[in-house]
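Enquirer: Contents of entry-v3.txt (compact mmCIF, C-alpha atoms and all ligand atoms) are below:
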```txt
# COMPACT_ATOMS: atom_id res chain seq x y z
CA MET A 1 37.52 144.43 16.24
CA ILE A 2 35.19 143.96 19.20
CA ARG A 3 35.47 140.29 20.18
CA ASN A 4 32.13 139.38 21.75
CA ASP A 5 33.09 135.68 21.67
CA ILE A 6 36.06 136.47 23.90
CA HIS A 7 34.00 138.69 26.20
CA GLU A 8 31.55 135.84 26.71
CA ALA A 9 34.35 133.44 27.64
CA ASN A 10 35.75 136.03 30.02
CA ARG A 11 32.31 136.55 31.61
CA ARG A 12 32.26 132.88 32.62
CA SER A 13 35.81 133.01 33.90
CA TRP A 14 35.13 136.17 35.92
CA ASN A 15 31.94 134.70 37.40
CA ALA A 16 33.91 131.80 38.87
CA ALA A 17 36.87 133.93 40.00
CA THR A 18 34.71 136.65 41.59
CA ARG A 19 33.03 134.08 43.86
CA ALA A 20 36.45 132.93 45.05
CA HIS A 21 37.74 136.49 45.47
CA ASN A 22 34.82 137.62 47.63
CA SER A 23 35.06 134.46 49.74
CA HIS A 24 38.36 135.81 51.14
CA LYS A 25 37.07 139.25 52.13
CA ALA A 26 35.64 139.63 55.63
CA ASP A 27 32.38 141.54 56.23
CA GLN A 28 32.66 144.00 53.36
CA ALA A 29 29.32 145.67 54.06
CA GLY A 30 30.28 146.28 57.70
CA PHE A 31 33.62 147.71 56.57
CA LEU A 32 31.93 150.20 54.21
CA ARG A 33 29.17 151.00 56.74
CA ALA A 34 31.84 151.89 59.29
CA GLY A 35 33.38 154.40 56.86
CA GLY A 36 35.99 152.09 55.30
CA SER A 37 37.20 152.73 51.76
CA THR A 38 38.85 150.45 49.23
CA LEU A 39 40.27 153.38 47.23
CA PHE A 40 43.94 154.30 46.89
CA PRO A 41 45.39 157.82 46.80
CA GLU A 42 46.42 157.48 43.12
CA GLU A 43 42.86 157.27 41.76
CA MET A 44 41.64 159.84 44.28
CA GLU A 45 44.18 162.37 43.05
CA LEU A 46 43.29 161.83 39.39
CA LEU A 47 39.53 161.81 39.99
CA GLY A 48 39.63 165.05 41.97
CA GLU A 49 36.42 166.24 43.62
CA VAL A 50 33.60 163.72 43.14
CA ASP A 51 31.05 165.07 45.61
CA GLY A 52 27.79 165.74 43.78
CA ARG A 53 29.23 164.48 40.47
CA THR A 54 27.76 161.71 38.33
CA LEU A 55 30.28 158.90 37.98
CA VAL A 56 30.28 155.70 35.98
CA HIS A 57 32.64 152.96 37.09
CA LEU A 58 33.38 150.82 34.03
CA GLN A 59 34.30 147.18 34.80
CA CYS A 60 33.45 147.75 38.46
CA ASN A 61 33.55 144.07 39.45
CA SER A 62 31.80 143.70 42.86
CA GLY A 63 31.38 147.42 43.41
CA GLN A 64 33.64 148.01 46.41
CA ASP A 65 35.44 150.97 44.79
CA THR A 66 32.16 152.19 43.27
CA LEU A 67 30.51 152.33 46.69
CA SER A 68 33.61 153.88 48.26
CA LEU A 69 33.21 156.68 45.68
CA ALA A 70 29.52 156.95 46.52
CA ARG A 71 30.52 157.45 50.14
CA LEU A 72 32.41 160.53 48.97
CA GLY A 73 29.23 161.94 47.51
CA ALA A 74 29.42 160.74 43.90
CA ARG A 75 26.20 159.54 42.25
CA VAL A 76 27.50 156.23 41.01
CA THR A 77 26.67 153.69 38.34
CA GLY A 78 28.77 150.54 38.15
CA VAL A 79 28.92 148.42 35.00
CA ASP A 80 30.39 144.96 34.64
CA ILE A 81 29.91 141.92 32.43
CA SER A 82 30.04 139.45 35.31
CA ASP A 83 26.65 138.33 36.67
CA GLU A 84 28.26 137.23 39.93
CA ALA A 85 30.03 140.58 40.39
CA ILE A 86 26.91 142.68 39.74
CA GLU A 87 24.73 140.53 42.01
CA PHE A 88 27.33 140.92 44.73
CA ALA A 89 27.59 144.68 44.16
CA ARG A 90 23.81 145.12 44.45
CA ARG A 91 23.78 143.13 47.70
CA LEU A 92 26.73 145.15 48.99
CA ALA A 93 24.90 148.42 48.25
CA ALA A 94 21.80 147.18 50.07
CA ASP A 95 23.72 145.74 53.04
CA SER A 96 25.99 148.76 53.45
CA GLY A 97 23.16 151.27 52.93
CA ILE A 98 25.25 153.13 50.35
CA PRO A 99 23.31 154.12 47.22
CA GLY A 100 24.61 152.87 43.89
CA GLU A 101 23.14 151.60 40.61
CA PHE A 102 24.70 148.48 39.13
CA GLU A 103 24.13 147.29 35.58
CA ARG A 104 25.28 143.96 34.17
CA ALA A 105 26.46 144.52 30.62
CA ASP A 106 29.32 144.29 28.24
CA VAL A 107 31.07 147.62 28.50
CA TYR A 108 30.83 148.26 24.73
CA ALA A 109 27.12 147.56 24.48
CA TRP A 110 26.50 149.58 27.62
CA MET A 111 28.42 152.65 26.44
CA ASP A 112 26.69 152.53 23.04
CA ALA A 113 23.23 152.35 24.62
CA ALA A 114 24.06 155.01 27.22
CA ALA A 115 25.29 157.44 24.55
CA ARG A 116 22.17 156.85 22.43
CA GLU A 117 19.95 157.47 25.47
CA GLY A 118 21.77 160.75 26.13
CA ARG A 119 23.28 159.62 29.43
CA ARG A 120 26.36 161.74 30.27
CA PHE A 121 28.71 161.53 33.25
CA ASP A 122 31.05 163.98 34.98
CA ARG A 123 33.50 161.17 35.65
CA ALA A 124 34.17 157.84 33.98
CA PHE A 125 36.53 155.61 35.93
CA SER A 126 38.24 152.30 35.33
CA SER A 127 41.07 150.65 37.22
CA TYR A 128 43.34 147.80 38.25
CA GLY A 129 43.07 145.14 35.62
CA ALA A 130 40.39 146.62 33.34
CA VAL A 131 42.16 147.51 30.07
CA ALA A 132 43.56 143.99 29.73
CA TRP A 133 40.01 142.77 28.91
CA ILE A 134 39.41 145.40 26.24
CA SER A 135 39.48 143.77 22.80
CA ASP A 136 39.10 146.94 20.70
CA LEU A 137 40.84 150.00 22.06
CA ARG A 138 39.44 152.43 19.49
CA ALA A 139 35.83 151.42 20.10
CA TRP A 140 36.46 151.57 23.86
CA ALA A 141 37.86 155.13 23.64
CA ARG A 142 34.99 156.18 21.35
CA GLY A 143 32.53 154.77 23.87
CA ILE A 144 34.11 156.69 26.73
CA ALA A 145 34.11 159.97 24.80
CA GLY A 146 30.42 159.37 24.01
CA ILE A 147 29.32 159.18 27.66
CA LEU A 148 31.34 162.04 29.13
CA ALA A 149 29.62 165.33 29.78
CA PRO A 150 31.39 168.40 28.33
CA GLY A 151 34.27 169.03 30.75
CA GLY A 152 33.87 165.48 32.09
CA ARG A 153 36.93 163.46 32.99
CA PHE A 154 38.01 159.90 32.29
CA VAL A 155 40.38 158.38 34.84
CA LEU A 156 42.29 155.16 34.43
CA VAL A 157 44.66 153.60 36.96
CA GLU A 158 46.18 150.43 35.59
CA PHE A 159 48.85 147.83 36.03
CA HIS A 160 51.67 148.80 33.72
CA PRO A 161 52.13 146.68 30.56
CA ALA A 162 55.87 146.61 31.35
CA ALA A 163 54.93 144.90 34.63
CA THR A 164 52.50 142.42 33.12
CA MET A 165 55.11 141.25 30.62
CA PHE A 166 56.41 139.10 33.50
CA ASP A 167 54.75 136.10 35.13
CA GLU A 168 54.59 135.66 38.91
CA GLU A 169 58.10 134.21 38.96
CA MET A 170 59.29 137.30 37.05
CA ARG A 171 60.00 135.33 33.90
CA LEU A 172 59.47 137.28 30.71
CA ALA A 173 56.18 135.84 29.46
CA HIS A 174 54.41 138.36 27.22
CA PRO A 175 55.25 141.06 24.69
CA TYR A 176 54.88 144.68 25.81
CA SER A 177 51.96 144.93 23.39
CA SER A 178 50.13 141.94 21.95
CA GLY A 179 49.08 144.18 19.03
CA GLY A 180 45.40 143.44 19.55
CA GLU A 181 45.94 139.68 19.58
CA PRO A 182 44.28 137.88 22.52
CA ILE A 183 46.47 135.98 24.98
CA GLU A 184 44.73 132.78 26.04
CA THR A 185 45.08 131.59 29.62
CA GLU A 186 43.93 128.00 29.94
CA ALA A 187 43.74 128.31 33.74
CA GLY A 188 41.41 131.33 33.49
CA VAL A 189 41.23 134.22 35.96
CA GLY A 190 43.08 133.14 39.07
CA ASP A 191 42.64 133.66 42.78
CA TYR A 192 44.97 136.66 43.06
CA VAL A 193 43.04 137.92 46.09
CA ARG A 194 44.24 134.96 48.16
CA ASP A 195 47.76 135.39 46.73
CA SER A 196 47.78 139.08 47.71
CA ALA A 197 47.11 138.33 51.42
CA ASP A 198 45.47 141.44 52.94
CA GLY A 199 46.62 143.69 50.07
CA LEU A 200 43.26 143.29 48.33
CA ALA A 201 41.16 142.65 51.40
CA PRO A 202 41.14 145.87 53.44
CA SER A 203 38.07 144.61 55.35
CA GLY A 204 40.18 141.66 56.55
CA LEU A 205 41.28 138.38 55.01
CA VAL A 206 39.40 135.17 55.70
CA ASP A 207 40.23 131.68 54.48
CA GLY A 208 37.37 131.18 52.00
CA VAL A 209 37.74 129.03 48.90
CA ARG A 210 40.86 126.86 48.91
CA ASP A 211 42.81 125.59 45.91
CA PHE A 212 40.62 127.50 43.49
CA ALA A 213 40.77 126.10 39.96
CA ASN A 214 38.86 128.13 37.39
CA PRO A 215 36.98 125.80 35.00
CA HIS A 216 36.79 128.60 32.39
CA ARG A 217 39.72 129.81 30.32
CA SER A 218 40.20 133.53 29.76
CA PHE A 219 41.57 135.80 27.05
CA ASP A 220 43.26 139.10 27.70
CA PHE A 221 45.41 141.67 25.91
CA GLN A 222 48.63 143.51 26.46
CA TRP A 223 48.10 147.16 25.49
CA GLY A 224 51.08 149.53 25.57
CA VAL A 225 50.69 152.82 27.44
CA CYS A 226 51.04 154.83 24.22
CA GLU A 227 48.39 152.70 22.49
CA VAL A 228 45.93 153.45 25.30
CA ALA A 229 46.81 157.14 25.55
CA GLN A 230 46.72 157.66 21.79
CA ALA A 231 43.32 155.94 21.48
CA LEU A 232 41.92 158.48 23.96
CA ILE A 233 43.60 161.42 22.19
CA ASP A 234 42.27 160.21 18.83
CA VAL A 235 38.67 160.53 19.99
CA GLY A 236 39.22 164.13 21.04
CA LEU A 237 39.92 163.74 24.76
CA ARG A 238 42.54 166.09 26.19
CA MET A 239 45.28 164.32 28.10
CA GLU A 240 45.67 166.13 31.44
CA ARG A 241 47.76 163.71 33.48
CA LEU A 242 49.94 160.74 32.62
CA ARG A 243 51.59 159.04 35.59
CA GLU A 244 53.77 156.02 36.34
CA TRP A 245 54.42 154.46 39.72
CA PRO A 246 57.09 151.91 40.74
CA TYR A 247 54.68 150.02 43.00
CA SER A 248 51.50 148.00 42.76
CA ASN A 249 48.52 148.91 44.92
CA GLY A 250 47.47 145.82 46.85
CA CYS A 251 47.99 143.23 44.15
CA ALA A 252 50.96 140.87 44.43
CA LEU A 253 52.06 140.69 40.81
CA TYR A 254 55.14 138.59 41.62
CA ARG A 255 56.22 136.28 44.41
CA GLY A 256 58.20 137.89 47.25
CA MET A 257 57.32 141.52 46.55
CA ARG A 258 58.50 144.12 49.06
CA ALA A 259 55.58 145.49 51.10
CA GLU A 260 55.47 149.19 51.96
CA ALA A 261 53.02 151.29 53.93
CA GLY A 262 49.63 151.90 52.34
CA ARG A 263 49.36 148.37 50.84
CA ARG A 264 52.03 149.25 48.23
CA LEU A 265 54.12 146.44 46.81
CA ARG A 266 57.43 146.90 45.01
CA THR A 267 59.58 144.49 43.02
CA PRO A 268 61.15 141.63 45.04
CA PRO A 269 64.47 142.28 46.85
CA GLY A 270 67.38 142.66 44.44
CA VAL A 271 65.15 143.42 41.45
CA PRO A 272 65.42 147.02 40.17
CA ASP A 273 62.27 149.12 40.18
CA LEU A 274 59.89 148.77 37.25
CA PRO A 275 56.89 150.92 36.40
CA LEU A 276 54.20 148.73 37.97
CA MET A 277 51.21 151.03 37.47
CA TYR A 278 50.26 153.97 35.29
CA GLY A 279 47.49 156.49 35.43
CA ILE A 280 45.66 158.72 32.98
CA ALA A 281 43.27 161.62 33.41
CA ALA A 282 41.77 162.88 30.16
CA THR A 283 38.93 165.36 29.74
CA ARG A 284 36.28 165.99 27.15
CA PRO A 285 36.64 169.61 26.08
CA GLU A 286 33.72 171.91 27.06
C1 LIG B 301 40.26 143.11 37.57
S1 LIG B 301 38.54 143.41 37.50
C2 LIG B 301 38.47 145.15 37.81
C3 LIG B 301 38.45 145.39 39.28
C4 LIG B 301 37.90 146.73 39.65
N1 LIG B 301 38.89 147.74 39.46
C5 LIG B 301 37.36 146.78 41.04
O1 LIG B 301 37.03 147.89 41.48
O2 LIG B 301 37.23 145.76 41.72
C6 LIG B 301 38.15 143.34 35.78
C7 LIG B 301 36.66 143.37 35.55
O3 LIG B 301 36.42 143.56 34.15
C8 LIG B 301 35.20 142.90 33.86
N2 LIG B 301 35.09 142.76 32.41
C9 LIG B 301 35.90 142.04 31.58
N3 LIG B 301 35.50 142.18 30.30
C10 LIG B 301 34.43 143.02 30.32
C11 LIG B 301 33.58 143.54 29.30
N4 LIG B 301 33.74 143.25 28.04
N5 LIG B 301 32.57 144.37 29.69
C12 LIG B 301 32.37 144.68 31.00
N6 LIG B 301 33.14 144.20 32.00
C13 LIG B 301 34.17 143.38 31.66
C14 LIG B 301 35.30 141.59 34.63
O4 LIG B 301 34.06 140.99 34.81
C15 LIG B 301 35.95 142.08 35.94
O5 LIG B 301 34.98 142.34 36.91
```
Can you give me the file's structure in the form of structure tokens?
Expert:
Amino acid sequence: MIRNDIHEANRRSWNAATRAHNSHKADQAGFLRAGGSTLFPEEMELLGEVDGRTLVHLQCNSGQDTLSLARLGARVTGVDISDEAIEFARRLAADSGIPGEFERADVYAWMDAAAREGRRFDRAFSSYGAVAWISDLRAWARGIAGILAPGGRFVLVEFHPAATMFDEEMRLAHPYSSGGEPIETEAGVGDYVRDSADGLAPSGLVDGVRDFANPHRSFDFQWGVCEVAQALIDVGLRMERLREWPYSNGCALYRGMRAEAGRRLRTPPGVPDLPLMYGIAATRPE
């Protein structure tokens, strides 16, 4: 069931968190203008060639990845429920001089409207903490299938549900799948950008907001990899790639993670490897 009540609560929580997150990132427009990119090799590999392609970035937050994709020649549209994120993304496009359309909307309503209007994309992309906010996996997958052009590709790069079972102290905190039940977080979306040092701030880390306390609680979901993959298969998408990686790109999921080149973080010393991210590329048959 699509939980609009939960989405609305999450919108408020994301508005507050996004302000804090961007406060830690130095001159993002200058970084992009100078040719900087916030993308990682994992999504680049799955997305393949984007030059000249239409691309929708679902749950794009403040548009840094969206505009990095535009720099590679994609004609981009970013969609996010957060007012703060979309306002920031529009400013970032203007200040960096990189073209991109940004639309503030709930992803379900947006995909429905886009499909009805006949809008179709060569690529649909979502990443790094997106699926956890999806309340109805079937409707989400149906929406994605409805906006892909024939031969179009959906790419997802996500934190692995096996990784997000653990809290930041690596205590077992959540089931692998919450079976569609929301998990309430009283403290809301946190300031993980500050906690990740420069992992999530490739333009440079600045002090910004201190001791951020989100006044708005949030609700997310644990979705197992098979649940996500099967939802996409069930709507007729063809699974082309399914990947797992034993590191997290940029985001410090736990305290004391081991840093590697390329802003990769692995489990803390002495802790065996876990799958920390997974990736999917699925295409709409011609
Ligand atoms: C962790 S962020 C994704 C970050 C993104 N990968 C990026 O490039 O920065 C999750 C995003 O999902 C958005 N979101 C959550 N629920 C949503 C919904 N129902 N519809 C649209 N966006 C939603 C939040 O506003 C937030 O910006």
Enquirer: Can you pull out every residue within 9 Å of Trp223 of chain A, counting all atoms listed in the file, but drop anything in the same chain fewer than 5 positions away, and send it as an MDAnalysis selection string?
Expert: chainID A and resid 131:132 134 137 161 176:180 228
Enquirer: Can those selected residues be exported to a file as a JSON list (two decimals), in the coordinates of the input so that it contains C-alpha atoms?
Expert:
```json
[["chain", "number", "residue", "atom", "x", "y", "z"],
["A", 131, "VAL", "CA", 42.16, 147.51, 30.07],
["A", 132, "ALA", "CA", 43.56, 143.99, 29.73],
["A", 134, "ILE", "CA", 39.41, 145.40, 26.24],
["A", 137, "LEU", "CA", 40.84, 150.00, 22.06],
["A", 161, "PRO", "CA", 52.13, 146.68, 30.56],
["A", 176, "TYR", "CA", 54.88, 144.68, 25.81],
["A", 177, "SER", "CA", 51.96, 144.93, 23.39],
["A", 178, "SER", "CA", 50.13, 141.94, 21.95],
["A", 179, "GLY", "CA", 49.08, 144.18, 19.03],
["A", 180, "GLY", "CA", 45.40, 143.44, 19.55],
["A", 228, "VAL", "CA", 45.93, 153.45, 25.30]]
```
Enquirer: Please identify all polymer residues within 12 Å of Pro175 of chain A, counting only C-alpha atoms, omitting same-chain residues fewer than 2 positions from it, and present them as a ChimeraX atom specification.
Expert: /A:161-167,171-173,177-183,221-224
Enquirer: Applying 10 Å and all atoms listed in the file, which residues near Gly129 of chain A remain after dropping the ones on its own chain fewer than 6 positions away? List them as number ranges by chain.
Expert: A: 59, 157-160, 220
Enquirer: Using only C-alpha atoms, which residues sit within 7 Å of Ser203 of chain A once same-chain residues fewer than 5 positions away are excluded, as a list in words?
Expert: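 The filter keeps Lys25, Ala26, Asp27, Gln28 and Phe31 of chain A.
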Enquirer: Expressed in Å to a single decimal, how great is the separation between atom CA of Ala114 of chain A and atom CA of Ser13 of chain A?
Expert: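 The value is 25.8 Å.
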Enquirer: Per residue of chain A within 7 Å of ligand LIG 301 (chain B), what are the shortest atom pair and its distance in Å to one decimal, counting only C-alpha atoms and all ligand atoms, with rows by chain and residue number, as a tab-separated table?
Expert:
```
residue	atom	partner	partner_atom	distance
A:His7	CA	B:LIG301	N4	4.9
A:Asn10	CA	B:LIG301	N3	6.2
A:Arg11	CA	B:LIG301	O4	5.7
A:Trp14	CA	B:LIG301	O4	5.1
A:Leu58	CA	B:LIG301	C12	6.9
A:Gln59	CA	B:LIG301	O3	4.2
A:Cys60	CA	B:LIG301	O1	4.7
A:Asn61	CA	B:LIG301	O5	3.4
A:Ser62	CA	B:LIG301	O2	5.9
A:Gly63	CA	B:LIG301	O1	6.0
A:Gln64	CA	B:LIG301	O1	6.0
A:Asp65	CA	B:LIG301	O1	4.8
A:Thr66	CA	B:LIG301	O1	6.7
A:Val79	CA	B:LIG301	C12	6.5
A:Asp80	CA	B:LIG301	N6	3.9
A:Ile81	CA	B:LIG301	C12	4.0
A:Ser82	CA	B:LIG301	O4	4.3
A:Ala85	CA	B:LIG301	O5	6.3
A:Ala105	CA	B:LIG301	C12	5.9
A:Asp106	CA	B:LIG301	N5	3.6
A:Val107	CA	B:LIG301	N5	3.8
A:Tyr108	CA	B:LIG301	N5	6.5
A:Ser126	CA	B:LIG301	N1	6.2
A:Ser127	CA	B:LIG301	N1	4.3
A:Tyr128	CA	B:LIG301	N1	4.6
A:Gly129	CA	B:LIG301	C1	4.0
A:Ala130	CA	B:LIG301	C6	4.7
A:Trp133	CA	B:LIG301	N3	4.8
A:Ile134	CA	B:LIG301	N4	6.3
```
Enquirer: Of the residues A:Arg210, A:His57, A:His174, A:Arg153, which is the one nearest to Met239 of chain A, using all atoms listed in the file?
Expert: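 Among the listed residues, A:Arg153 lies closest to Met239 of chain A.
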Enquirer: Which of these residues is nearest to Gly48 of chain A, using all atoms listed in the file: A:Ala201, A:Ala109, A:Val189, A:Ala281?
Expert: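 Nearest to Gly48 of chain A: A:Ala281.
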Enquirer: Considering all atoms listed in the file, can you say which of A:Asp5, A:Asp191, A:Asp83, A:Asp95 comes closest to Leu32 of chain A?
Expert: A:Asp95
Enquirer: What is the atom CA of Arg142 of chain A to atom CA of Arg241 of chain A distance in Å?
Expert: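 Going from atom CA of Arg142 of chain A over to atom CA of Arg241 of chain A covers 19.2 Å.
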